[in-house]
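final32.cif follows (mmCIF, C-alpha atoms):
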```cif
data_upload
loop_
_atom_site.label_atom_id
_atom_site.label_comp_id
_atom_site.auth_asym_id
_atom_site.auth_seq_id
_atom_site.Cartn_x
_atom_site.Cartn_y
_atom_site.Cartn_z
CA MET A 193 -20.83 6.00 25.82
CA ARG A 194 -20.24 6.99 22.24
CA ASP A 195 -17.09 5.89 20.44
CA CYS A 196 -14.37 8.40 19.73
CA ALA A 197 -14.70 9.98 16.31
CA ASN A 198 -10.94 10.09 15.83
CA ASP A 199 -10.49 6.86 13.86
CA ALA A 200 -6.76 7.36 13.43
CA MET A 201 -6.25 7.41 17.17
CA ARG A 202 -8.65 4.53 17.80
CA ASP A 203 -6.76 2.41 15.28
CA LEU A 204 -3.57 2.90 17.29
CA LEU A 205 -5.04 1.86 20.64
CA PRO A 206 -4.21 -1.85 20.19
CA ASP A 207 -0.60 -0.91 19.47
CA LEU A 208 -0.52 1.30 22.56
CA ALA A 209 -2.01 -1.48 24.68
CA ARG A 210 0.65 -3.81 23.37
CA GLY A 211 3.53 -1.36 23.85
CA GLY A 212 4.30 -1.49 20.16
CA LEU A 213 4.35 2.23 19.30
CA PRO A 214 7.56 4.22 18.80
CA GLY A 215 8.17 7.07 21.24
CA ASP A 216 6.77 10.05 19.38
CA ARG A 217 3.60 8.31 18.27
CA ARG A 218 3.13 6.75 21.67
CA ALA A 219 3.25 10.19 23.25
CA ALA A 220 0.69 11.53 20.80
CA VAL A 221 -1.76 8.69 21.44
CA GLN A 222 -1.27 8.88 25.20
CA GLU A 223 -2.00 12.60 25.08
CA HIS A 224 -5.20 11.92 23.14
CA VAL A 225 -6.27 9.17 25.53
CA ALA A 226 -5.69 11.46 28.51
CA GLY A 227 -8.35 13.81 27.18
CA CYS A 228 -10.75 11.28 25.68
CA ALA A 229 -12.88 9.17 28.02
CA ALA A 230 -14.09 6.89 25.23
CA CYS A 231 -10.57 5.99 24.15
CA ALA A 232 -9.44 5.60 27.76
CA ARG A 233 -12.23 3.09 28.33
CA GLU A 234 -11.46 1.26 25.09
CA LEU A 235 -7.77 1.09 25.96
CA MET A 236 -8.65 -0.47 29.32
CA LEU A 237 -10.88 -2.98 27.57
CA LEU A 238 -8.06 -3.90 25.18
CA ARG A 239 -5.62 -4.39 28.06
CA ASP A 240 -8.09 -6.68 29.80
CA ALA A 241 -8.58 -8.60 26.58
CA ARG A 242 -4.83 -8.99 26.21
CA ALA A 243 -4.62 -10.33 29.74
CA VAL A 244 -7.33 -12.87 28.93
CA LEU A 245 -5.69 -13.91 25.69
CA ALA A 246 -2.12 -13.87 27.01
CA PRO A 247 -1.77 -17.40 28.43
CA THR A 248 0.32 -19.31 25.95
CA PRO A 249 0.16 -23.06 25.66
CA ARG A 250 3.54 -24.58 26.33
CA ILE A 251 5.37 -25.71 23.22
CA ASP A 252 8.41 -27.96 23.03
CA VAL A 253 10.83 -26.02 20.85
CA ALA A 254 13.38 -28.84 20.66
CA ARG A 255 10.76 -31.28 19.46
CA ILE A 256 9.55 -28.88 16.79
CA VAL A 257 13.08 -28.18 15.60
CA ALA A 258 13.83 -31.91 15.45
CA ALA A 259 10.81 -32.39 13.18
CA LEU A 260 11.96 -29.77 10.67
CA PRO A 261 13.21 -30.92 7.27
CA ALA A 262 16.87 -30.61 6.39
CA PRO A 263 17.84 -27.38 4.65
CA ALA A 264 17.38 -27.60 0.90
CA GLU A 265 20.41 -27.45 -1.32
CA THR A 266 19.16 -24.35 -3.05
CA PRO A 267 21.22 -21.18 -2.67
CA ALA A 268 20.53 -19.14 0.43
CA LEU A 269 18.37 -16.04 0.26
CA ARG A 270 20.36 -12.91 -0.34
CA VAL A 271 20.21 -10.61 2.65
CA GLU A 272 21.39 -7.04 2.43
CA ARG A 273 22.25 -4.62 5.17
CA GLY A 274 19.37 -2.37 6.11
CA GLY A 275 16.73 -4.59 4.58
CA SER A 276 16.14 -7.97 3.08
CA ARG A 277 15.60 -8.48 -0.59
CA ALA A 278 15.02 -11.53 -2.73
CA ALA A 279 16.71 -11.75 -6.10
CA PRO A 280 15.15 -9.31 -8.57
CA ARG A 281 12.43 -10.81 -10.74
CA PHE A 282 14.52 -10.66 -13.90
CA MET A 283 17.21 -12.77 -12.23
CA GLN A 284 14.88 -15.52 -11.12
CA PRO A 285 15.04 -18.88 -12.97
CA THR A 286 11.46 -18.66 -14.19
CA ALA A 287 12.14 -15.33 -15.87
CA TRP A 288 15.16 -16.79 -17.67
CA ARG A 289 13.15 -19.75 -18.88
CA VAL A 290 10.44 -17.49 -20.29
CA ALA A 291 13.04 -15.31 -22.01
CA ALA A 292 14.70 -18.39 -23.54
CA GLY A 293 11.32 -19.58 -24.82
CA ILE A 294 10.57 -16.23 -26.44
CA LEU A 295 14.03 -16.19 -28.04
CA ALA A 296 13.53 -19.70 -29.41
CA ILE A 297 10.17 -18.77 -30.96
CA ALA A 298 11.61 -15.60 -32.48
CA THR A 299 14.55 -17.55 -33.94
CA ALA A 300 12.25 -20.16 -35.42
CA GLY A 301 10.11 -17.45 -36.96
CA ALA A 302 13.10 -15.69 -38.46
CA LEU A 303 14.39 -18.95 -39.95
CA GLY A 304 10.97 -19.66 -41.43
CA ILE A 305 10.80 -16.26 -43.09
CA GLY A 306 14.31 -16.72 -44.41
CA LEU A 307 13.48 -20.10 -45.92
CA ALA A 308 10.35 -18.69 -47.50
CA ARG A 309 12.27 -15.85 -49.13
CA ARG A 310 14.90 -18.24 -50.39
CA SER A 311 12.32 -20.49 -52.00
CA ARG A 312 10.66 -17.46 -53.55
CA ASP A 313 13.96 -16.26 -54.94
CA ALA A 314 14.45 -19.71 -56.44
CA GLY A 315 11.41 -19.12 -58.63
CA VAL A 316 8.88 -21.47 -57.12
CA PRO A 317 5.58 -20.09 -58.31
CA GLN A 318 3.16 -19.41 -55.49
CA ALA A 319 0.08 -17.31 -55.42
CA MET A 320 1.13 -15.21 -52.45
CA ASP A 321 4.63 -14.79 -53.83
CA VAL A 322 3.35 -13.10 -56.90
CA ALA A 323 1.46 -10.64 -54.82
CA ALA A 324 4.42 -9.97 -52.63
CA SER A 325 6.88 -9.42 -55.45
CA ALA A 326 4.70 -6.89 -57.20
CA PRO A 327 3.25 -4.55 -54.62
CA ASN A 328 1.28 -2.58 -57.19
CA ALA A 329 0.25 -5.50 -59.30
CA PRO A 330 -3.15 -7.12 -59.06
CA ALA A 331 -3.50 -10.07 -56.73
CA VAL A 332 -3.25 -13.50 -58.18
CA GLU A 333 -5.55 -16.38 -57.48
CA ALA A 334 -5.30 -20.00 -58.40
CA ALA A 335 -7.62 -20.62 -61.34
CA PRO A 336 -10.30 -23.25 -60.96
CA GLY A 337 -9.88 -26.21 -63.22
CA PRO A 338 -7.55 -29.03 -63.81
CA VAL A 339 -4.53 -26.87 -64.66
CA ALA A 340 -3.32 -24.71 -61.79
CA GLU A 341 -1.92 -21.90 -63.84
CA PRO A 342 -1.86 -18.59 -62.05
CA ARG A 343 -4.23 -16.02 -63.39
CA VAL A 344 -4.48 -12.37 -62.74
CA ALA A 345 -7.53 -11.18 -60.88
CA PRO A 346 -8.76 -7.65 -60.28
CA THR A 347 -6.98 -5.91 -57.46
CA ARG A 348 -8.73 -6.37 -54.13
CA SER A 349 -5.99 -6.28 -51.56
CA PRO A 350 -4.48 -2.90 -50.76
CA ALA A 351 -1.74 -4.46 -48.61
CA PRO A 352 0.17 -7.06 -50.56
CA ALA A 353 3.06 -6.87 -48.14
CA ALA A 354 0.84 -8.20 -45.40
CA ALA A 355 -0.20 -11.04 -47.64
CA ALA A 356 3.42 -11.96 -48.15
CA GLN A 357 3.68 -12.78 -44.48
CA LEU A 358 1.15 -15.52 -44.99
CA THR A 359 3.42 -17.41 -47.39
CA LEU A 360 3.61 -21.07 -46.53
CA VAL A 361 7.08 -22.23 -45.69
CA SER A 362 6.54 -25.95 -45.66
CA GLY A 363 4.14 -28.63 -46.79
CA THR A 364 2.41 -28.40 -50.14
CA ALA A 365 3.37 -24.80 -50.85
CA GLU A 366 6.83 -25.81 -51.94
CA LEU A 367 5.65 -28.59 -54.26
CA SER A 368 5.66 -28.14 -57.97
CA ASP A 369 2.40 -28.41 -59.90
CA ALA A 370 3.27 -31.89 -61.08
CA ALA A 371 4.17 -33.07 -57.61
CA LEU A 372 1.01 -31.55 -56.18
CA ARG A 373 -1.10 -33.27 -58.81
CA ALA A 374 0.57 -36.58 -58.02
CA LEU A 375 -0.13 -36.07 -54.34
CA LEU A 376 -3.80 -35.40 -55.02
CA ASP A 377 -3.97 -38.54 -57.14
CA ASP A 378 -2.48 -40.53 -54.28
CA ILE A 379 -5.01 -39.13 -51.86
CA ASP A 380 -7.82 -40.13 -54.20
CA THR A 381 -6.67 -43.72 -54.08
CA LEU A 382 -6.84 -43.87 -50.27
CA ASP A 383 -9.92 -45.43 -48.79
CA ALA A 384 -9.30 -44.55 -45.16
CA MET A 385 -9.74 -40.83 -45.26
CA PRO A 386 -11.74 -39.38 -42.40
CA LEU A 387 -15.20 -38.22 -43.26
CA ALA A 388 -16.11 -34.62 -42.75
CA GLU A 389 -19.82 -35.31 -42.64
CA PRO A 390 -21.37 -36.86 -39.55
CA VAL A 391 -22.24 -40.50 -39.85
CA ALA A 392 -25.94 -41.07 -40.05
CA GLU A 393 -27.15 -42.70 -36.87
CA LEU A 394 -28.71 -46.07 -37.02
CA PRO A 395 -32.45 -45.94 -36.54
CA PHE A 396 -33.62 -46.75 -33.07
CA VAL A 397 -35.20 -50.11 -32.81
CA GLY A 398 -37.67 -50.12 -30.03
CA GLU A 399 -39.05 -53.06 -28.21
CA GLY A 400 -41.83 -54.87 -29.94
CA MET B 19 11.49 -18.14 25.59
CA THR B 20 11.84 -14.89 23.72
CA GLU B 21 9.12 -12.32 23.16
CA PRO B 22 7.25 -12.76 19.88
CA ALA B 23 8.70 -10.96 16.92
CA ARG B 24 7.49 -7.48 15.96
CA GLY B 25 6.92 -6.08 12.52
CA GLY B 26 10.36 -4.49 12.29
CA ASP B 27 12.19 -7.76 12.77
CA ASP B 28 11.74 -9.13 9.28
CA THR B 29 15.43 -8.57 8.55
CA ILE B 30 16.39 -10.75 11.50
CA ASP B 31 14.05 -13.46 10.24
CA ALA B 32 15.62 -13.32 6.79
CA GLU B 33 19.10 -13.60 8.28
CA LEU B 34 18.08 -16.56 10.43
CA ILE B 35 16.54 -18.28 7.42
CA ALA B 36 19.75 -17.77 5.47
CA ARG B 37 21.77 -19.19 8.38
CA TRP B 38 19.49 -22.21 8.65
CA ARG B 39 19.77 -22.88 4.93
CA ALA B 40 23.51 -22.71 5.31
CA GLY B 41 23.30 -25.50 7.86
CA ASP B 42 23.04 -23.61 11.16
CA GLN B 43 20.53 -25.60 13.21
CA ARG B 44 20.62 -23.03 15.99
CA ALA B 45 18.96 -20.56 13.62
CA ALA B 46 15.96 -22.86 13.34
CA THR B 47 15.69 -22.97 17.12
CA LEU B 48 15.75 -19.18 17.28
CA LEU B 49 13.03 -18.90 14.66
CA VAL B 50 10.79 -21.34 16.53
CA GLU B 51 11.43 -19.49 19.78
CA ARG B 52 10.62 -16.16 18.14
CA HIS B 53 7.34 -17.17 16.54
CA GLY B 54 6.19 -20.35 18.27
CA PRO B 55 4.44 -18.72 21.25
CA SER B 56 2.46 -16.31 19.08
CA LEU B 57 1.39 -19.14 16.82
CA ALA B 58 0.35 -21.26 19.79
CA ARG B 59 -1.73 -18.38 21.18
CA PHE B 60 -3.36 -17.87 17.80
CA ALA B 61 -4.16 -21.58 17.51
CA THR B 62 -5.72 -21.46 20.97
CA SER B 63 -7.81 -18.45 20.08
CA LEU B 64 -9.08 -20.33 17.04
CA GLY B 65 -10.36 -23.05 19.34
CA GLU B 66 -7.49 -25.49 18.99
CA ARG B 67 -6.01 -25.34 22.47
CA ASP B 68 -5.43 -29.06 22.80
CA ALA B 69 -3.81 -29.33 19.40
CA ALA B 70 -1.90 -26.05 19.56
CA GLU B 71 1.58 -27.54 19.78
CA GLU B 72 0.89 -30.04 17.04
CA LEU B 73 -0.42 -27.27 14.80
CA VAL B 74 2.56 -25.07 15.54
CA GLN B 75 4.91 -27.91 14.67
CA ASP B 76 3.07 -28.64 11.43
CA THR B 77 3.22 -24.95 10.58
CA PHE B 78 7.00 -24.82 10.96
CA VAL B 79 7.49 -28.11 9.11
CA ARG B 80 5.49 -26.81 6.16
CA ALA B 81 7.14 -23.43 6.23
CA PHE B 82 10.67 -24.79 6.37
CA GLY B 83 9.83 -27.36 3.70
CA ALA B 84 8.76 -24.58 1.34
CA ILE B 85 11.24 -21.97 2.45
CA ALA B 86 12.63 -21.71 -1.09
CA SER B 87 9.34 -20.17 -2.17
CA PHE B 88 9.38 -17.63 0.64
CA ARG B 89 10.14 -14.12 -0.55
CA ALA B 90 12.63 -12.48 1.76
CA ASP B 91 11.01 -9.08 1.30
CA SER B 92 7.76 -10.29 2.86
CA SER B 93 7.00 -11.05 6.48
CA LEU B 94 7.84 -14.52 7.79
CA ARG B 95 5.51 -13.92 10.71
CA THR B 96 2.54 -13.18 8.45
CA TRP B 97 3.38 -16.23 6.35
CA LEU B 98 3.48 -18.46 9.42
CA PHE B 99 0.13 -17.16 10.67
CA THR B 100 -1.35 -17.82 7.23
CA ILE B 101 -0.10 -21.42 7.21
CA LEU B 102 -1.36 -22.01 10.75
CA ARG B 103 -4.79 -20.63 9.95
CA ARG B 104 -5.10 -22.91 6.92
CA LEU B 105 -4.07 -25.90 9.01
CA CYS B 106 -6.73 -24.99 11.59
CA LEU B 107 -9.37 -24.70 8.89
CA ASP B 108 -8.33 -28.05 7.40
CA ARG B 109 -8.54 -29.59 10.83
CA ARG B 110 -12.02 -28.20 11.41
CA ARG B 111 -13.20 -29.47 8.04
CA ALA B 112 -11.87 -32.91 8.86
CA GLU B 113 -13.66 -32.80 12.22
CA ARG B 114 -16.89 -31.71 10.59
CA ARG B 115 -16.76 -34.73 8.34
CA ARG B 116 -16.53 -36.92 11.42
CA ARG B 117 -19.21 -35.22 13.49
CA VAL B 118 -22.92 -34.88 13.03
CA VAL B 119 -24.10 -31.42 12.12
CA GLY B 120 -25.72 -30.80 15.51
CA ASP B 121 -22.45 -31.27 17.34
CA VAL B 122 -20.70 -28.73 15.17
CA GLN B 123 -23.36 -26.08 15.69
CA GLU B 124 -23.37 -26.62 19.43
CA ARG B 125 -19.63 -26.30 19.65
CA HIS B 126 -19.55 -22.81 18.04
CA ALA B 127 -16.72 -20.67 19.41
CA ALA B 128 -17.30 -20.67 23.09
CA THR B 129 -16.17 -23.81 24.83
CA GLU B 130 -12.47 -23.50 24.12
CA PHE B 131 -12.07 -20.62 26.55
CA ASP B 132 -13.56 -22.54 29.42
CA ALA B 133 -10.21 -24.01 30.32
CA LEU B 134 -8.90 -20.53 30.93
CA ASP B 135 -11.39 -19.80 33.72
CA GLU B 136 -8.89 -20.37 36.48
CA LEU B 137 -6.35 -18.11 34.84
CA VAL B 138 -8.60 -15.10 34.72
CA ALA B 139 -7.57 -12.86 37.55
CA THR B 140 -10.28 -10.23 37.88
CA GLU B 141 -14.01 -10.02 37.54
CA THR B 142 -13.63 -7.55 34.70
CA GLN B 143 -11.38 -9.92 32.82
CA ALA B 144 -13.86 -12.72 33.41
CA ARG B 145 -16.54 -10.60 31.81
CA VAL B 146 -14.23 -9.71 28.93
CA ARG B 147 -13.58 -13.40 28.45
CA ARG B 148 -17.30 -14.08 28.24
CA ALA B 149 -17.62 -11.18 25.80
CA LEU B 150 -14.89 -12.70 23.61
CA GLU B 151 -16.89 -15.90 23.49
CA ARG B 152 -19.70 -14.01 21.83
CA LEU B 153 -17.62 -12.92 18.87
CA THR B 154 -18.04 -14.66 15.57
CA PRO B 155 -15.05 -16.80 14.57
CA THR B 156 -13.94 -14.18 12.05
CA GLN B 157 -14.31 -11.30 14.52
CA ARG B 158 -12.35 -13.18 17.16
CA GLU B 159 -9.64 -14.16 14.69
CA VAL B 160 -9.18 -10.56 13.57
CA PHE B 161 -9.41 -9.21 17.12
CA VAL B 162 -6.75 -11.64 18.38
CA LEU B 163 -4.38 -10.88 15.51
CA ARG B 164 -4.78 -7.13 16.07
CA VAL B 165 -4.84 -6.89 19.86
CA SER B 166 -2.82 -9.86 21.02
CA GLU B 167 -0.31 -10.25 18.18
CA GLY B 168 -0.13 -6.66 16.94
CA LEU B 169 -0.62 -7.35 13.27
CA SER B 170 -1.62 -4.45 11.04
CA TYR B 171 -4.87 -4.57 9.10
CA ARG B 172 -2.83 -5.20 5.96
CA GLU B 173 -1.15 -8.21 7.56
CA ILE B 174 -4.44 -9.47 8.95
CA ALA B 175 -5.95 -9.25 5.48
CA ASP B 176 -3.11 -11.43 4.15
CA VAL B 177 -3.51 -13.98 6.92
CA ALA B 178 -7.29 -14.16 6.85
CA ASP B 179 -7.54 -13.99 3.06
CA THR B 180 -9.68 -10.87 3.10
CA THR B 181 -9.29 -7.17 2.40
CA GLU B 182 -7.73 -4.53 4.61
CA GLY B 183 -11.06 -2.70 4.85
CA ALA B 184 -12.94 -5.86 5.80
CA ALA B 185 -10.37 -6.62 8.48
CA ARG B 186 -10.87 -3.15 9.95
CA VAL B 187 -14.65 -3.57 9.95
CA HIS B 188 -14.40 -6.98 11.66
CA TYR B 189 -12.13 -5.50 14.31
CA HIS B 190 -14.42 -2.58 15.13
CA ASN B 191 -17.48 -4.84 15.13
CA ALA B 192 -15.68 -7.07 17.62
CA VAL B 193 -14.89 -4.12 19.88
CA ARG B 194 -18.50 -2.93 19.69
CA THR B 195 -19.81 -6.41 20.54
CA ILE B 196 -17.54 -6.60 23.59
CA LYS B 197 -18.56 -3.13 24.76
CA GLU B 198 -22.25 -3.90 24.36
CA PHE B 199 -21.85 -7.08 26.39
CA LEU B 200 -19.99 -5.26 29.15
CA ASP B 201 -22.59 -2.46 29.23
CA ALA B 202 -25.54 -4.83 29.39
#
```
Encoded form using structure tokens:
Amino acid sequence: MRDCANDAMRDLLPDLARGGLPGDRRAAVQEHVAGCAACARELMLLRDARAVLAPTPRIDVARIVAALPAPAETPALRVERGGSRAAPRFMQPTAWRVAAGILAIATAGALGIGLARRSRDAGVPQAMDVAASAPNAPAVEAAPGPVAEPRVAPTRSPAPAAAAQLTLVSGTAELSDAALRALLDDIDTLDAMPLAEPVAELPFVGEG
Amino acid sequence: MTEPARGGDDTIDAELIARWRAGDQRAATLLVERHGPSLARFATSLGERDAAEELVQDTFVRAFGAIASFRADSSLRTWLFTILRRLCLDRRRAERRRRVVGDVQERHAATEFDALDELVATETQARVRRALERLTPTQREVFVLRVSEGLSYREIADVADTTEGAARVHYHNAVRTIKEFLDA
């Protein structure tokens, strides 16, 4: 016998066999089954299967309950009339922690920019500062050579404001030329600087 | 023992969970009574008849231990079935490590229903039982969740870690296999 082509009705047969359909839908499916031999046969099969599967192993409820952990000390789930809802996502602890992290990063960024502007206003010469303070002026590069005097180069950057955002706010950028030179001299005297080049491997010495 | 919970009883489950977390031990008993029998049947259908009670207990212990992570707008019943299924799979894996491969292949899905022989009332049901033995583990799992426990395809997909469409296909393949066996 061919299966019924009405998939919607066939999908509801397990619910009908189980008695799990509300009144109006149950009536509709029963009406269909009354006129459909394939569905009537399938419904009988499902009822037989339920009878076979129905035996339930005995379980000791008291023993299971005794094995349960004690209730946690976390606040109880919020239950509303007409439906159950957990706390909205934005009220969950994880969401607050993420928001606090973002706020902390934003604050640190704002402080950094503020410090950079203050040092620029104080007249510390920096290559990027020159570009930022004169939007239409040519970009400035550090000249090669022993004296790090700024020199004017042909304009290449059409967005000096963007370059200003790259201003260093700590480290060597705030050092004067003399202090920077002294630092470089100190570095030259160190003999434990890491090597950038790979160390040549020792030649393999084979047997014999 | 009460009848297993239906899909529309999620609100009751949420209220019972809240009561248990507030210290009401009776709420835990009600939850076990509501869902324990269904879980035991499902464990049996997965071939774990002898260990059904132990698996049901482990399921509730794990669920209640992690109840803080349970979202009240989801179904406790589906969550419990999911935990139980994972426990059954873990148990099978552990058994496989202990057995030789030949034993595992011989066992397949069939033998666990043998103990039910005496409970089968009619010849037709006996044939249906033999037809159920011929289902693949996945087909039988989906068939049991749909026919015996009344889960929707969406819920079955959550429990069995598959898609709603795949769950539907497994169900209809199971029905076809049973029909073919009965017609043979």
Going by the chain IDs and residue numbers used in this file, which residues fall under the PyMOL selection byres ((chain B and resi 78) around 10)? Write them as a CSV table (one decimal) with C-alpha atoms, in the frame of the given file.
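Saved as out25.csv:
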```
chain,number,residue,atom,x,y,z
A,256,ILE,CA,9.6,-28.9,16.8
A,257,VAL,CA,13.1,-28.2,15.6
A,259,ALA,CA,10.8,-32.4,13.2
A,260,LEU,CA,12.0,-29.8,10.7
A,261,PRO,CA,13.2,-30.9,7.3
B,46,ALA,CA,16.0,-22.9,13.3
B,49,LEU,CA,13.0,-18.9,14.7
B,50,VAL,CA,10.8,-21.3,16.5
B,53,HIS,CA,7.3,-17.2,16.5
B,54,GLY,CA,6.2,-20.4,18.3
B,57,LEU,CA,1.4,-19.1,16.8
B,73,LEU,CA,-0.4,-27.3,14.8
B,74,VAL,CA,2.6,-25.1,15.5
B,75,GLN,CA,4.9,-27.9,14.7
B,76,ASP,CA,3.1,-28.6,11.4
B,77,THR,CA,3.2,-25.0,10.6
B,79,VAL,CA,7.5,-28.1,9.1
B,80,ARG,CA,5.5,-26.8,6.2
B,81,ALA,CA,7.1,-23.4,6.2
B,82,PHE,CA,10.7,-24.8,6.4
B,83,GLY,CA,9.8,-27.4,3.7
B,84,ALA,CA,8.8,-24.6,1.3
B,85,ILE,CA,11.2,-22.0,2.4
B,98,LEU,CA,3.5,-18.5,9.4
B,101,ILE,CA,-0.1,-21.4,7.2
B,102,LEU,CA,-1.4,-22.0,10.8
```
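Taking CA of Leu245 in chain A and CA of Arg59 in chain B as endpoints, the distance between them is 7.5 Å.
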Closest atom pairs, residues of chain B within 6 Å of chain A, all atoms listed in the file, as a tab-separated table:
```
residue	atom	partner	partner_atom	distance
B:Thr29	CA	A:Ser276	CA	5.5
B:Ala36	CA	A:Ala268	CA	5.3
B:Arg39	CA	A:Pro263	CA	4.9
B:Arg59	CA	A:Thr248	CA	5.3
B:Glu71	CA	A:Ile251	CA	5.4
B:Gln75	CA	A:Ile256	CA	5.2
B:Val79	CA	A:Leu260	CA	5.0
B:Arg89	CA	A:Ala278	CA	5.9
B:Ala90	CA	A:Ala278	CA	5.2
B:Asp91	CA	A:Arg277	CA	5.0
B:Gln143	CA	A:Asp240	CA	5.5
B:Val165	CA	A:Pro206	CA	5.1
B:Ser166	CA	A:Arg242	CA	5.6
```
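A straight line drawn from CA of Cys231 in chain A to CA of Thr154 in chain B is 23.6 Å long.
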Problem - Selection under test: the PyMOL selection byres ((chain B and resi 174) around 10); residues as a PyMOL selection string - result: chain B and resi 96+99-100+159-164+168-173+175-182+184-186
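Computed from the coordinates, the CA of Ala86 in chain B to CA of Glu51 in chain B distance equals 21.0 Å.
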What residues have an atom no more than 9 Å from (-12.8, -21.0, 9.9) in the file's own frame, counting all atoms listed in the file, and can you write them as a short mmCIF file (atom, residue, chain, number, x, y, z; two decimals) with C-alpha atoms, keeping the file's coordinate frame?
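Once everything was written out, this is part.cif:
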```cif
data_model
loop_
_atom_site.label_atom_id
_atom_site.label_comp_id
_atom_site.auth_asym_id
_atom_site.auth_seq_id
_atom_site.Cartn_x
_atom_site.Cartn_y
_atom_site.Cartn_z
CA LEU B 64 -9.08 -20.33 17.04
CA ARG B 103 -4.79 -20.63 9.95
CA ARG B 104 -5.10 -22.91 6.92
CA CYS B 106 -6.73 -24.99 11.59
CA LEU B 107 -9.37 -24.70 8.89
CA ASP B 108 -8.33 -28.05 7.40
CA ARG B 110 -12.02 -28.20 11.41
CA ARG B 111 -13.20 -29.47 8.04
CA PRO B 155 -15.05 -16.80 14.57
CA THR B 156 -13.94 -14.18 12.05
CA GLU B 159 -9.64 -14.16 14.69
#
```
Practice task
Could you check which of B:Asn191, B:Arg114, B:Thr47, B:Arg109 is closest to Ala70 in chain B, using only C-alpha atoms?
Solution key: B:Arg109
Please evaluate the PyMOL selection byres ((chain A and resi 222) around 12) against the structure above and give the resulting residues as an mmCIF file with C-alpha atoms, keeping the file's coordinate frame.
```cif
data_model
loop_
_atom_site.group_PDB
_atom_site.id
_atom_site.type_symbol
_atom_site.label_atom_id
_atom_site.label_comp_id
_atom_site.auth_asym_id
_atom_site.auth_seq_id
_atom_site.Cartn_x
_atom_site.Cartn_y
_atom_site.Cartn_z
ATOM 1 C CA MET A 201 -6.250 7.410 17.170
ATOM 2 C CA ARG A 202 -8.650 4.530 17.800
ATOM 3 C CA LEU A 204 -3.570 2.900 17.290
ATOM 4 C CA LEU A 205 -5.040 1.860 20.640
ATOM 5 C CA ASP A 207 -0.600 -0.910 19.470
ATOM 6 C CA LEU A 208 -0.520 1.300 22.560
ATOM 7 C CA ALA A 209 -2.010 -1.480 24.680
ATOM 8 C CA GLY A 211 3.530 -1.360 23.850
ATOM 9 C CA LEU A 213 4.350 2.230 19.300
ATOM 10 C CA PRO A 214 7.560 4.220 18.800
ATOM 11 C CA GLY A 215 8.170 7.070 21.240
ATOM 12 C CA ASP A 216 6.770 10.050 19.380
ATOM 13 C CA ARG A 217 3.600 8.310 18.270
ATOM 14 C CA ARG A 218 3.130 6.750 21.670
ATOM 15 C CA ALA A 219 3.250 10.190 23.250
ATOM 16 C CA ALA A 220 0.690 11.530 20.800
ATOM 17 C CA VAL A 221 -1.760 8.690 21.440
ATOM 18 C CA GLU A 223 -2.000 12.600 25.080
ATOM 19 C CA HIS A 224 -5.200 11.920 23.140
ATOM 20 C CA VAL A 225 -6.270 9.170 25.530
ATOM 21 C CA ALA A 226 -5.690 11.460 28.510
ATOM 22 C CA GLY A 227 -8.350 13.810 27.180
ATOM 23 C CA CYS A 228 -10.750 11.280 25.680
ATOM 24 C CA ALA A 229 -12.880 9.170 28.020
ATOM 25 C CA CYS A 231 -10.570 5.990 24.150
ATOM 26 C CA ALA A 232 -9.440 5.600 27.760
ATOM 27 C CA LEU A 235 -7.770 1.090 25.960
#
```
